[in-house]
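Asker: Contents of structure-v4.cif (mmCIF, C-alpha atoms) are given next:
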```
data_protein
#
loop_
_atom_site.label_atom_id
_atom_site.label_comp_id
_atom_site.auth_asym_id
_atom_site.auth_seq_id
_atom_site.Cartn_x
_atom_site.Cartn_y
_atom_site.Cartn_z
CA MET A 67 -22.14 -7.38 13.81
CA SER A 68 -18.89 -9.18 13.04
CA MET A 69 -16.17 -7.26 11.25
CA GLY A 70 -16.53 -9.48 8.19
CA LYS A 71 -20.26 -8.77 7.98
CA SER A 72 -19.67 -5.05 8.46
CA ILE A 73 -17.24 -5.06 5.52
CA LEU A 74 -19.70 -6.96 3.34
CA ALA A 75 -22.32 -4.39 4.34
CA GLY A 76 -20.06 -1.59 3.11
CA ASP A 77 -18.72 -0.16 6.40
CA ARG A 78 -15.61 1.86 5.45
CA ARG A 79 -14.22 2.04 8.96
CA ALA A 80 -14.51 -1.73 9.37
CA LEU A 81 -12.64 -2.16 6.08
CA ALA A 82 -9.91 0.22 7.22
CA ARG A 83 -9.51 -1.61 10.52
CA ALA A 84 -9.49 -5.01 8.90
CA LEU A 85 -6.72 -3.80 6.57
CA THR A 86 -4.71 -2.85 9.64
CA LEU A 87 -5.26 -6.31 11.06
CA VAL A 88 -4.13 -8.14 7.92
CA GLU A 89 -1.02 -5.98 7.97
CA SER A 90 -0.19 -6.15 11.64
CA GLU A 91 -1.96 -9.07 13.26
CA PRO A 92 -2.58 -11.68 10.59
CA ARG A 93 -3.80 -14.25 13.15
CA ALA A 94 -6.51 -11.91 14.32
CA ALA A 95 -7.52 -11.36 10.70
CA ASP A 96 -7.97 -15.08 9.95
CA GLU A 97 -11.60 -15.03 11.09
CA ILE A 98 -12.45 -12.01 8.97
CA ILE A 99 -10.87 -13.51 5.87
CA ALA A 100 -12.69 -16.79 6.46
CA GLU A 101 -15.96 -14.89 6.58
CA VAL A 102 -15.44 -12.73 3.49
CA TYR A 103 -13.53 -15.18 1.27
CA PRO A 104 -16.62 -16.50 -0.58
CA HIS A 105 -17.28 -12.92 -1.67
CA THR A 106 -13.88 -12.34 -3.25
CA GLY A 107 -12.20 -13.08 -6.56
CA HIS A 108 -14.44 -11.02 -8.82
CA GLY A 109 -13.63 -7.96 -10.87
CA ILE A 110 -10.24 -6.92 -12.17
CA VAL A 111 -7.00 -6.40 -10.26
CA VAL A 112 -4.65 -4.15 -12.21
CA GLY A 113 -1.01 -4.10 -11.15
CA VAL A 114 1.04 -1.03 -12.00
CA THR A 115 4.79 -1.33 -11.81
CA GLY A 116 7.85 0.51 -13.07
CA ALA A 117 10.98 2.31 -11.94
CA PRO A 118 10.76 5.21 -9.44
CA GLY A 119 9.65 8.47 -11.00
CA VAL A 120 8.01 7.09 -14.14
CA GLY A 121 4.62 8.35 -12.98
CA LYS A 122 2.97 5.26 -11.50
CA SER A 123 0.96 7.17 -8.89
CA THR A 124 -0.28 9.75 -11.35
CA LEU A 125 -1.28 7.02 -13.79
CA VAL A 126 -3.09 5.12 -11.04
CA ASP A 127 -4.95 8.28 -10.06
CA LYS A 128 -6.04 9.01 -13.63
CA LEU A 129 -7.08 5.40 -14.21
CA ALA A 130 -9.13 5.57 -11.02
CA GLY A 131 -10.94 8.62 -12.39
CA GLN A 132 -11.42 6.96 -15.76
CA PHE A 133 -12.92 3.78 -14.30
CA LEU A 134 -15.09 5.72 -11.85
CA ALA A 135 -16.56 7.56 -14.82
CA ARG A 136 -17.27 4.17 -16.39
CA GLY A 137 -19.24 3.08 -13.37
CA ARG A 138 -16.68 0.80 -11.76
CA LYS A 139 -16.13 0.64 -8.02
CA VAL A 140 -12.49 1.51 -7.56
CA GLY A 141 -10.05 0.59 -4.82
CA ILE A 142 -6.36 1.47 -4.68
CA LEU A 143 -3.52 -0.25 -2.84
CA ALA A 144 -0.25 1.65 -3.02
CA VAL A 145 2.89 0.03 -1.66
CA ASP A 146 5.91 2.02 -0.55
CA PRO A 147 9.14 0.71 0.95
CA SER A 148 9.74 0.50 4.68
CA SER A 149 13.12 1.55 5.96
CA PRO A 150 15.21 -1.56 6.60
CA PHE A 151 16.80 0.25 9.56
CA THR A 152 13.91 1.72 11.50
CA GLY A 153 10.90 -0.06 10.01
CA GLY A 154 9.34 3.34 9.39
CA ALA A 155 7.91 4.38 6.06
CA LEU A 156 6.93 7.55 4.29
CA LEU A 157 3.81 6.79 2.30
CA GLY A 158 3.45 9.62 -0.17
CA ASP A 159 1.27 8.26 -2.95
CA ARG A 160 -1.71 10.30 -1.82
CA VAL A 161 0.09 13.46 -2.85
CA ARG A 162 -0.55 12.54 -6.50
CA MET A 163 -4.16 11.59 -5.93
CA GLU A 164 -6.96 13.97 -6.67
CA GLY A 165 -9.49 14.25 -3.88
CA ARG A 166 -12.23 11.85 -4.85
CA GLY A 167 -13.84 11.77 -1.44
CA SER A 168 -15.13 8.44 -0.30
CA GLU A 169 -15.80 7.18 -3.83
CA VAL A 170 -12.37 5.64 -4.12
CA PHE A 171 -10.99 3.68 -1.20
CA MET A 172 -7.25 4.00 -1.13
CA ARG A 173 -4.87 2.38 1.28
CA SER A 174 -1.12 2.93 1.53
CA LEU A 175 0.79 -0.18 2.49
CA ALA A 176 4.35 -0.25 3.73
CA SER A 177 6.40 -3.14 2.37
CA ARG A 178 7.56 -3.98 5.93
CA GLY A 179 10.63 -5.84 4.79
CA HIS A 180 8.86 -7.91 2.18
CA LEU A 181 10.73 -8.13 -1.09
CA GLY A 182 9.25 -8.29 -4.56
CA GLY A 183 7.73 -4.82 -4.69
CA LEU A 184 4.64 -5.58 -2.66
CA ALA A 185 3.60 -5.90 0.95
CA ARG A 186 3.07 -9.25 2.55
CA ALA A 187 -0.56 -8.40 3.25
CA THR A 188 -1.31 -7.71 -0.42
CA PRO A 189 -3.42 -10.77 -1.30
CA ARG A 190 -5.57 -10.37 1.77
CA ALA A 191 -5.87 -6.62 1.28
CA ILE A 192 -7.18 -7.32 -2.23
CA GLN A 193 -9.68 -9.81 -0.83
CA LEU A 194 -10.95 -7.29 1.71
CA LEU A 195 -11.47 -4.62 -0.94
CA GLN A 196 -13.32 -7.11 -3.15
CA ALA A 197 -15.53 -8.21 -0.26
CA PHE A 198 -16.29 -4.55 0.36
CA GLY A 199 -17.58 -4.39 -3.21
CA LYS A 200 -14.71 -2.96 -5.21
CA ASP A 201 -14.57 -4.47 -8.69
CA LEU A 202 -11.57 -2.62 -10.03
CA ILE A 203 -8.50 -2.62 -7.85
CA LEU A 204 -5.39 -0.72 -8.79
CA LEU A 205 -2.29 -2.12 -7.15
CA GLU A 206 0.76 0.10 -7.28
CA THR A 207 4.11 -1.48 -6.47
CA VAL A 208 7.13 0.21 -4.95
CA GLY A 209 9.40 1.80 -7.53
CA ALA A 210 10.55 -1.37 -9.14
CA GLY A 211 12.79 -2.10 -12.03
CA GLN A 212 14.10 -5.54 -12.56
CA SER A 213 13.38 -8.09 -9.92
CA GLU A 214 10.09 -6.85 -8.54
CA VAL A 215 7.87 -9.20 -10.48
CA ASP A 216 5.61 -10.38 -7.65
CA VAL A 217 2.86 -8.16 -8.92
CA MET A 218 1.91 -10.49 -11.75
CA GLY A 219 1.04 -13.18 -9.23
CA PHE A 220 -1.67 -10.99 -7.71
CA ALA A 221 -2.82 -8.91 -10.64
CA ASP A 222 -5.09 -10.00 -13.47
CA THR A 223 -3.52 -7.38 -15.70
CA THR A 224 -0.03 -6.03 -15.17
CA ILE A 225 0.93 -2.63 -16.54
CA VAL A 226 4.61 -1.83 -16.88
CA VAL A 227 5.29 1.90 -17.01
CA VAL A 228 8.45 3.28 -18.59
CA VAL A 229 9.57 6.73 -19.69
CA PRO A 230 11.62 7.72 -22.72
CA GLY A 231 15.35 8.06 -22.48
CA LEU A 232 16.11 5.89 -19.48
CA GLY A 233 19.65 5.52 -20.72
CA ASP A 234 20.45 2.26 -22.44
CA ASP A 235 17.01 0.98 -23.30
CA VAL A 236 18.02 -2.63 -23.63
CA GLN A 237 19.23 -2.43 -20.06
CA ALA A 238 15.90 -0.98 -18.94
CA PHE A 239 13.91 -3.73 -20.62
CA LYS A 240 15.73 -6.62 -19.08
CA ALA A 241 14.15 -10.00 -18.76
CA GLY A 242 11.62 -10.11 -16.01
CA ILE A 243 10.02 -6.74 -16.29
CA LEU A 244 9.50 -7.34 -20.01
CA GLU A 245 7.87 -10.69 -19.47
CA ILE A 246 5.41 -9.66 -16.78
CA GLY A 247 3.74 -6.83 -18.70
CA ASP A 248 0.31 -7.36 -20.25
CA ILE A 249 0.26 -3.69 -21.20
CA PHE A 250 3.24 -1.38 -21.63
CA VAL A 251 2.83 2.34 -21.12
CA VAL A 252 5.43 4.83 -22.30
CA ASN A 253 4.54 7.72 -20.02
CA LYS A 254 5.69 11.32 -20.45
CA SER A 255 5.52 10.59 -24.17
CA ASP A 256 6.04 14.26 -25.05
CA ARG A 257 9.66 13.82 -24.07
CA PRO A 258 12.29 13.30 -26.75
CA GLY A 259 12.99 9.71 -27.59
CA ALA A 260 9.45 8.46 -26.95
CA ASP A 261 9.02 7.08 -30.44
CA GLN A 262 12.28 5.23 -30.23
CA THR A 263 11.41 3.78 -26.84
CA MET A 264 8.07 2.57 -28.15
CA ARG A 265 9.66 1.09 -31.24
CA GLU A 266 12.32 -0.76 -29.25
CA LEU A 267 9.76 -2.06 -26.80
CA ARG A 268 7.55 -3.37 -29.60
CA GLN A 269 10.52 -5.01 -31.25
CA MET A 270 11.58 -6.78 -28.09
CA LEU A 271 8.04 -7.92 -27.38
CA HIS A 272 7.76 -9.37 -30.87
CA MET A 273 10.91 -11.38 -30.31
CA GLY A 274 9.13 -13.39 -27.67
CA PRO A 275 6.97 -16.42 -28.42
CA ALA A 276 3.58 -15.77 -30.06
CA ARG A 277 0.85 -15.53 -27.46
CA THR A 278 -2.92 -15.22 -27.50
CA TRP A 279 -2.48 -11.78 -26.02
CA GLN A 280 0.08 -9.56 -27.69
CA PRO A 281 0.91 -6.84 -25.13
CA PRO A 282 0.19 -3.41 -26.57
CA VAL A 283 2.64 -0.55 -26.17
CA LEU A 284 0.71 2.66 -25.45
CA ALA A 285 1.84 6.26 -25.21
CA ALA A 286 0.54 8.44 -22.38
CA GLN A 287 0.99 11.75 -20.64
CA ALA A 288 -0.70 10.84 -17.41
CA GLN A 289 -0.43 14.26 -15.85
CA GLN A 290 -2.34 15.79 -18.78
CA ASP A 291 -4.82 12.92 -18.83
CA ILE A 292 -3.63 11.96 -22.33
CA GLY A 293 -3.82 8.31 -23.34
CA ILE A 294 -5.71 7.20 -20.22
CA ALA A 295 -8.91 6.08 -21.95
CA GLU A 296 -6.86 3.92 -24.32
CA ILE A 297 -5.12 2.25 -21.38
CA ALA A 298 -8.47 1.59 -19.70
CA ASP A 299 -9.77 0.09 -22.96
CA ALA A 300 -6.72 -2.17 -23.17
CA ILE A 301 -7.28 -3.33 -19.58
CA LEU A 302 -10.86 -4.30 -20.38
CA ARG A 303 -9.82 -6.02 -23.62
CA HIS A 304 -7.15 -7.98 -21.78
CA SER A 305 -9.70 -8.95 -19.18
CA GLU A 306 -12.03 -10.33 -21.86
CA VAL A 307 -9.25 -12.33 -23.48
CA ARG A 308 -8.21 -13.64 -20.09
CA LEU A 309 -11.72 -14.73 -19.16
CA SER A 310 -12.29 -16.50 -22.47
CA ASP A 311 -8.97 -18.29 -22.22
CA PRO A 312 -9.55 -22.02 -21.71
CA GLU A 313 -6.62 -22.05 -19.32
CA GLN A 314 -8.33 -19.57 -17.04
CA SER A 315 -9.67 -22.19 -14.64
CA ALA A 316 -6.25 -23.83 -14.47
CA ARG A 317 -4.81 -20.45 -13.52
CA ARG A 318 -7.37 -20.04 -10.76
CA VAL A 319 -6.30 -23.39 -9.36
CA GLN A 320 -2.66 -22.32 -9.55
CA GLU A 321 -3.50 -19.18 -7.64
CA ALA A 322 -5.38 -21.23 -5.06
CA GLU A 323 -2.39 -23.53 -4.74
CA ARG A 324 -0.13 -20.58 -4.03
CA LEU A 325 -2.49 -19.24 -1.37
CA VAL A 326 -2.83 -22.62 0.31
CA ARG A 327 0.91 -23.27 0.19
CA ASP A 328 1.60 -19.87 1.75
CA ALA A 329 -0.93 -20.47 4.51
CA LEU A 330 0.43 -23.95 5.09
CA ALA A 331 3.99 -22.67 5.31
CA ASP A 332 2.88 -19.99 7.76
CA GLN A 333 1.06 -22.45 9.98
CA LEU A 334 3.92 -24.93 9.99
CA VAL A 335 6.48 -22.27 10.84
CA GLN A 336 4.23 -20.90 13.53
CA ARG A 337 3.78 -24.33 15.10
CA VAL A 338 7.40 -25.40 14.93
CA VAL A 339 8.74 -22.10 16.26
CA ALA A 340 6.17 -21.98 19.06
CA ARG A 341 7.03 -25.53 20.01
CA SER A 342 10.76 -24.87 20.04
CA LYS A 343 10.28 -21.71 22.10
CA ALA A 344 8.19 -23.65 24.58
CA GLU A 345 10.88 -26.31 24.79
CA GLY A 346 13.39 -23.57 25.39
CA ASN A 347 15.88 -24.53 22.67
CA TRP A 348 15.00 -21.91 20.02
CA GLN A 349 17.76 -19.46 20.97
CA GLU A 350 20.23 -22.30 21.35
CA VAL A 351 19.55 -23.53 17.81
CA LEU A 352 19.84 -20.01 16.41
CA ALA A 353 23.16 -19.52 18.19
CA ALA A 354 24.47 -22.84 16.82
CA VAL A 355 23.60 -21.79 13.30
CA ALA A 356 25.06 -18.31 13.79
CA GLU A 357 28.34 -19.82 15.02
CA ARG A 358 28.43 -22.27 12.11
CA ARG A 359 28.21 -25.30 14.37
CA LEU A 360 24.99 -26.31 12.66
CA ASP A 361 23.71 -25.60 9.16
CA PRO A 362 20.27 -24.04 8.68
CA VAL A 363 18.76 -26.99 6.83
CA ARG A 364 19.68 -29.51 9.49
CA ALA A 365 18.54 -27.08 12.17
CA ALA A 366 15.15 -26.81 10.50
CA ARG A 367 14.92 -30.56 10.08
CA ALA A 368 15.67 -31.17 13.74
CA LEU A 369 13.16 -28.58 14.89
CA HIS A 370 10.56 -30.03 12.57
CA ALA A 371 11.14 -33.58 13.75
CA GLU A 372 10.85 -32.42 17.34
CA ALA A 373 7.50 -30.79 16.70
CA GLU A 374 6.00 -33.85 14.99
CA MET B 278 6.04 -14.76 0.02
CA THR B 279 8.38 -15.93 2.73
CA ALA B 280 7.08 -17.90 5.62
CA THR B 281 10.02 -17.13 7.83
CA GLU B 282 8.76 -13.87 9.22
CA ASP B 283 7.26 -14.17 12.62
CA ARG B 284 3.57 -13.62 12.30
CA GLU B 285 3.02 -12.21 15.74
CA GLY B 286 3.15 -8.83 14.09
CA THR B 287 3.87 -5.54 15.72
CA ARG B 288 1.74 -2.64 14.78
CA PRO B 289 3.74 0.44 13.84
CA ILE B 290 2.21 3.76 14.80
CA ARG B 291 0.49 5.23 11.75
CA VAL B 292 0.38 9.01 11.40
CA LEU B 293 -1.27 11.17 8.78
CA ILE B 294 0.38 14.51 8.13
CA GLY B 295 -2.06 16.87 6.46
CA LYS B 296 -1.77 20.38 5.11
CA PRO B 297 -5.25 21.87 5.22
CA GLY B 298 -5.96 25.24 3.70
CA LEU B 299 -4.22 27.52 1.30
CA ASP B 300 -0.65 28.04 2.45
CA GLY B 301 1.92 26.45 0.21
CA HIS B 302 4.74 25.87 2.66
CA ASP B 303 5.24 22.23 3.48
CA ARG B 304 8.87 22.15 4.50
CA GLY B 305 7.92 21.86 8.18
CA ALA B 306 5.39 19.12 7.45
CA LYS B 307 8.00 17.19 5.50
CA VAL B 308 10.63 17.55 8.22
CA VAL B 309 8.19 16.21 10.79
CA ALA B 310 7.06 13.38 8.47
CA ARG B 311 10.67 12.40 7.96
CA ALA B 312 11.46 12.47 11.68
CA LEU B 313 8.46 10.29 12.52
CA ARG B 314 9.42 7.84 9.78
CA ASP B 315 12.97 7.70 11.12
CA ALA B 316 11.47 6.88 14.50
CA GLY B 317 9.88 3.78 12.96
CA MET B 318 6.40 5.10 12.26
CA GLU B 319 4.41 4.79 9.05
CA VAL B 320 3.66 8.28 7.88
CA ILE B 321 1.07 9.11 5.27
CA TYR B 322 1.67 12.50 3.72
CA THR B 323 -1.28 14.00 1.85
CA GLY B 324 0.30 16.97 0.11
CA LEU B 325 -0.81 20.58 -0.01
CA HIS B 326 -4.20 22.26 -0.10
CA GLN B 327 -6.32 19.55 1.46
CA THR B 328 -9.83 20.23 2.67
CA PRO B 329 -10.76 19.05 6.18
CA GLU B 330 -13.09 16.51 4.49
CA GLU B 331 -10.22 15.08 2.44
CA ILE B 332 -7.98 14.85 5.48
CA VAL B 333 -10.57 13.03 7.56
CA GLU B 334 -11.45 10.66 4.72
CA ALA B 335 -7.75 9.85 4.25
CA ALA B 336 -7.37 9.32 8.01
CA LEU B 337 -10.31 6.93 7.95
CA GLN B 338 -9.09 4.91 4.97
CA GLU B 339 -5.54 4.73 6.29
CA ASP B 340 -6.69 3.84 9.82
CA VAL B 341 -4.17 6.16 11.44
CA ASP B 342 -3.60 6.65 15.16
CA VAL B 343 -2.64 10.29 14.87
CA VAL B 344 -3.53 13.17 12.57
CA GLY B 345 -0.95 15.95 12.44
CA LEU B 346 -2.10 19.22 10.89
CA SER B 347 0.42 21.72 9.65
CA ILE B 348 -1.04 25.20 9.29
CA LEU B 349 0.87 28.36 8.54
CA SER B 350 -1.93 30.37 6.97
CA GLY B 351 -3.47 31.67 10.17
CA ALA B 352 -6.73 29.85 9.48
CA HIS B 353 -6.19 27.33 12.29
CA LEU B 354 -9.27 28.43 14.23
CA THR B 355 -11.45 27.44 11.29
CA LEU B 356 -9.57 24.44 9.90
CA VAL B 357 -8.75 22.59 13.11
CA PRO B 358 -12.30 22.63 14.55
CA ALA B 359 -13.57 21.45 11.15
CA VAL B 360 -11.24 18.45 11.24
CA VAL B 361 -12.07 17.68 14.88
CA ASP B 362 -15.81 17.84 14.19
CA LEU B 363 -15.58 15.63 11.12
CA LEU B 364 -13.56 13.05 13.03
CA ARG B 365 -16.25 12.99 15.69
CA LEU B 366 -18.92 12.65 13.02
CA GLN B 367 -17.13 9.54 11.71
CA HIS B 368 -16.86 8.14 15.25
CA MET B 369 -13.12 8.57 15.08
CA ASP B 370 -12.75 10.27 18.47
CA ASP B 371 -9.96 7.84 19.28
CA VAL B 372 -7.73 9.42 16.63
CA LYS B 373 -5.39 11.95 18.24
CA VAL B 374 -5.02 15.36 16.67
CA VAL B 375 -1.85 17.42 16.95
CA VAL B 376 -1.19 20.76 15.31
CA GLY B 377 2.00 22.37 14.12
CA GLY B 378 2.61 25.83 12.77
CA ILE B 379 2.48 29.43 13.78
CA ILE B 380 -0.20 29.49 16.44
CA PRO B 381 -0.51 32.32 19.02
CA GLU B 382 -0.66 31.02 22.60
CA GLU B 383 -4.28 32.05 23.22
CA ASP B 384 -5.32 30.21 20.06
CA ALA B 385 -3.28 27.19 21.10
CA GLU B 386 -5.21 27.14 24.35
CA ALA B 387 -8.50 27.25 22.42
CA LEU B 388 -7.36 24.36 20.24
CA ARG B 389 -6.38 22.29 23.26
CA LYS B 390 -9.84 22.89 24.69
CA LEU B 391 -11.25 21.38 21.49
CA GLY B 392 -9.35 18.20 22.22
CA VAL B 393 -6.14 18.85 20.29
CA ARG B 394 -3.42 16.92 22.13
CA ALA B 395 -0.54 19.24 21.40
CA VAL B 396 0.35 22.40 19.54
CA PHE B 397 3.92 22.57 18.27
CA GLY B 398 5.25 26.01 17.44
CA PRO B 399 8.28 27.02 15.38
CA GLY B 400 11.53 25.75 16.82
CA THR B 401 10.06 22.62 18.38
CA GLU B 402 12.65 19.85 18.32
CA THR B 403 11.58 16.88 16.20
CA ASP B 404 12.65 14.61 19.08
CA GLU B 405 10.00 16.25 21.22
CA ILE B 406 7.35 15.58 18.55
CA VAL B 407 8.43 11.95 18.23
CA ARG B 408 8.38 11.45 21.99
CA PHE B 409 4.97 13.07 22.34
CA THR B 410 3.48 11.04 19.48
CA ARG B 411 4.68 7.79 21.01
CA GLU B 412 3.37 8.77 24.42
CA CYS B 413 -0.07 9.82 23.30
CA VAL B 414 -0.61 6.64 21.28
CA LYS B 415 0.59 4.48 24.17
CA ARG B 416 -1.78 6.14 26.62
CA ALA B 417 -4.79 5.13 24.54
#
```
Just give me the structure of the file as structure tokens.
Answerer:
Amino acid sequence: MSMGKSILAGDRRALARALTLVESEPRAADEIIAEVYPHTGHGIVVGVTGAPGVGKSTLVDKLAGQFLARGRKVGILAVDPSSPFTGGALLGDRVRMEGRGSEVFMRSLASRGHLGGLARATPRAIQLLQAFGKDLILLETVGAGQSEVDVMGFADTTIVVVVPGLGDDVQAFKAGILEIGDIFVVNKSDRPGADQTMRELRQMLHMGPARTWQPPVLAAQAQQDIGIAEIADAILRHSEVRLSDPEQSARRVQEAERLVRDALADQLVQRVVARSKAEGNWQEVLAAVAERRLDPVRAARALHAEAE
Amino acid sequence: MTATEDREGTRPIRVLIGKPGLDGHDRGAKVVARALRDAGMEVIYTGLHQTPEEIVEAALQEDVDVVGLSILSGAHLTLVPAVVDLLRLQHMDDVKVVVGGIIPEEDAEALRKLGVRAVFGPGTETDEIVRFTRECVKRA
């Protein structure tokens, strides 16, 4: 049986191996993705982002339990940063996860130099989990704060987690992170300042343009399992609003455009670089750019023209 | 998503560090996890008090090359065979098992007979563990 078929048939080991391939040998994974792609795109992908230490992993774990109890098939992708120096990574999100046996499929992804709070393999990893049958995928980003807004491109619902008293609140709610949230969670809400944080968040959200979905601000104490059901309810409500939105199909096309553009860019780069390496002038061009004899744009143009 | 990264990817060695059983001392496990990470590996740390079932399920989902078990409780002769058996049951015989902790030499010998690749006692240099991990994955 092909790997794609094994995944569709629910083989956990095949899924795990395919995830390794999309991370490490994307070319080798092309076939598998081609085979499973018709069986993807369903269910809900929930992105969870926020600064380090706000309790993302704990929240993800509790949401997993909550959705399992509601009969959903839950998958988790947790991204942690790779060291820029050694390429190694310490993937510790499992520490916060309760043992749920094989019911929840969780995979830790290292960011491997990819910026934006996610790993490069994220879209394909989501597709593999969906093909495997998961209909609720929790996607946890690296401890983000301001610029890591990639998550909204892959998630149907983005949860931004904050905690009370993160210093100057206005600073913490800078543009970007405020705009990507469909749901805001003030975690550790038993801490002093929680009410104020919630109030300020609500105020800032109301300053924005009126939208069909007004992001709720919810209090939670994830470790004590407080507020989790309400967050799950909000996710499902957001999902309904999203699916009834007339712009939904336009958004699907946008998403498709991004996927095709990425694939196209990959293939073009692959072809041009391979060609230049075969011609033997790749290193020469790199050296010229490094020594400022040639600018990168003209270098790329020349390489491209050569490969035509 | 940048297209500039070379897509002929390299596969970093993935290691799961598990703490089966009841002892609550994970300093050693964390030191080893850190050393392996600094050597360029992707290390999944599971935390304390894991059952052999949880460790093997995590190893399966994470598709690791190596499972490192840190045991200081003295229960290694129960916990390690349990993990080895469960790996076999899941057809994961290709996953290498190494053990660290306080293991008497005769027990270490018994564990090696079960298929454990190495037993690292107290005072083992992390360099030695890194070197061994690289070697045993390469040999596969």
Asker: List the residues matched by the PyMOL selection byres ((chain B) within 6 of (chain A)) in the displayed structure as a list of chain:residue names, ordered by chain and then by residue number.
Answerer: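 Evaluating the PyMOL selection byres ((chain B) within 6 of (chain A)) on these coordinates yields B:Ala280, B:Gly286, B:Thr287, B:Arg288, B:Arg314, B:Asp315, B:Gly317, B:Met318, B:Glu319, B:Val320, B:Ile321, B:Tyr322, B:Thr323, B:Gly324, B:Gln338, B:Glu339, B:Asp340.
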Asker: Restricting it to C-alpha atoms, dump the selection as a PDB file, in the coordinates of the input.
Answerer:
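Dumped to result_17.pdb:
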```pdb
ATOM      1  CA  ALA B 280       7.080 -17.900   5.620  1.00  0.00           C
ATOM      2  CA  GLY B 286       3.150  -8.830  14.090  1.00  0.00           C
ATOM      3  CA  THR B 287       3.870  -5.540  15.720  1.00  0.00           C
ATOM      4  CA  ARG B 288       1.740  -2.640  14.780  1.00  0.00           C
ATOM      5  CA  ARG B 314       9.420   7.840   9.780  1.00  0.00           C
ATOM      6  CA  ASP B 315      12.970   7.700  11.120  1.00  0.00           C
ATOM      7  CA  GLY B 317       9.880   3.780  12.960  1.00  0.00           C
ATOM      8  CA  MET B 318       6.400   5.100  12.260  1.00  0.00           C
ATOM      9  CA  GLU B 319       4.410   4.790   9.050  1.00  0.00           C
ATOM     10  CA  VAL B 320       3.660   8.280   7.880  1.00  0.00           C
ATOM     11  CA  ILE B 321       1.070   9.110   5.270  1.00  0.00           C
ATOM     12  CA  TYR B 322       1.670  12.500   3.720  1.00  0.00           C
ATOM     13  CA  THR B 323      -1.280  14.000   1.850  1.00  0.00           C
ATOM     14  CA  GLY B 324       0.300  16.970   0.110  1.00  0.00           C
ATOM     15  CA  GLN B 338      -9.090   4.910   4.970  1.00  0.00           C
ATOM     16  CA  GLU B 339      -5.540   4.730   6.290  1.00  0.00           C
ATOM     17  CA  ASP B 340      -6.690   3.840   9.820  1.00  0.00           C
TER      18      ASP B 340
END
```
Asker: Do you have the atom CA of Glu372 of chain A-atom CA of Leu352 of chain A distance handy?
Answerer: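 So the two atoms, atom CA of Glu372 of chain A and atom CA of Leu352 of chain A, lie 15.4 Å apart.
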Asker: The residues within 12 Å of (3.8, 23.5, 5.1), using all atoms listed in the file and the coordinates of the file, should be reported as a PyMOL selection string; which are they?
Answerer: chain B and resi 294-310+322-327+345-350+376-379+399
Asker: Pick out the residues sitting within 10 Å of segment 313-322 of chain A, and hand them over as JSON, numbers by chain; count all atoms listed in the file, and ignore anything fewer than 6 positions along from it in its own chain.
Answerer: {"A": [107, 219, 220, 307, 328]}
Asker: I need the residue set behind the PyMOL selection byres ((chain A and resi 300) around 10) for this file; please write it as an MDAnalysis selection string.
Answerer: chainID A and resid 223 248:249 281:284 294:299 301:306
Asker: Just to confirm, what's the straight-line distance from atom CA of Asp201 of chain A to atom CA of Val217 of chain A in Å (one decimal)?
Answerer: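 Going from atom CA of Asp201 of chain A over to atom CA of Val217 of chain A, I get 17.8 Å.
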Asker: Any idea what the distance is between atom CA of Ile98 of chain A and atom CA of Gln196 of chain A?
Answerer: 13.1 Å
Asker: Kindly compute an axis-aligned box around the listed atoms of segment 277-280 of chain A, allowing 4 Å on each side, and express its centre and edge lengths in Å to one decimal as JSON.
Answerer:
```
{"center_x": -1.0, "center_y": -12.5, "center_z": -26.9, "size_x": 11.8, "size_y": 14.0, "size_z": 9.7}
```
Asker: For this file, the PyMOL selection byres ((chain A and resi 264) around 9) selects which residues, as a list in words?
Answerer: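 On the file shown, the PyMOL selection byres ((chain A and resi 264) around 9) covers Pro230, Val251, Val252, Gly259, Ala260, Asp261, Gln262, Thr263, Arg265, Glu266, Leu267, Arg268, Gln269, Val283, Leu284 and Ala285 of chain A.
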Asker: With all atoms listed in the file as the atoms that count, which of A:Lys71, A:Lys122, A:His370, A:Arg358 lies nearest to Gly209 of chain A?
Answerer: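 Once distances to Gly209 of chain A are computed over all atoms listed in the file, the minimum belongs to A:Lys122.
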Asker: At a cut-off of 12 Å, using all atoms listed in the file, what residues contact Arg367 of chain A? Leave out same-chain residues fewer than 6 positions from it and give the result as an NGL selection string.
Answerer: :A and (335 or 338 or 351 or 360-361 or 373-374)
Asker: Would you please work out which residue, of A:Val126, A:Ile99, A:Ala75, A:Ala117, is nearest to Val227 of chain A when using all atoms listed in the file?
Answerer: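 Ranking A:Val126, A:Ile99, A:Ala75, A:Ala117 by distance to Val227 of chain A, first place goes to A:Ala117.
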Asker: Each residue of segment 325-368 of chain B with at least one atom at most 12 Å from segment 407-417 of chain B should appear once, together with its nearest atom pair and the corresponding distance in Å (one decimal); atoms considered: only C-alpha atoms; ordering: chain, then increasing residue number; output as CSV.
Answerer:
```
residue,atom,partner,partner_atom,distance
B:Val341,CA,B:Val414,CA,10.5
B:Asp342,CA,B:Val414,CA,6.8
B:Val343,CA,B:Val414,CA,7.7
B:Val344,CA,B:Thr410,CA,10.1
B:Gly345,CA,B:Thr410,CA,9.7
```
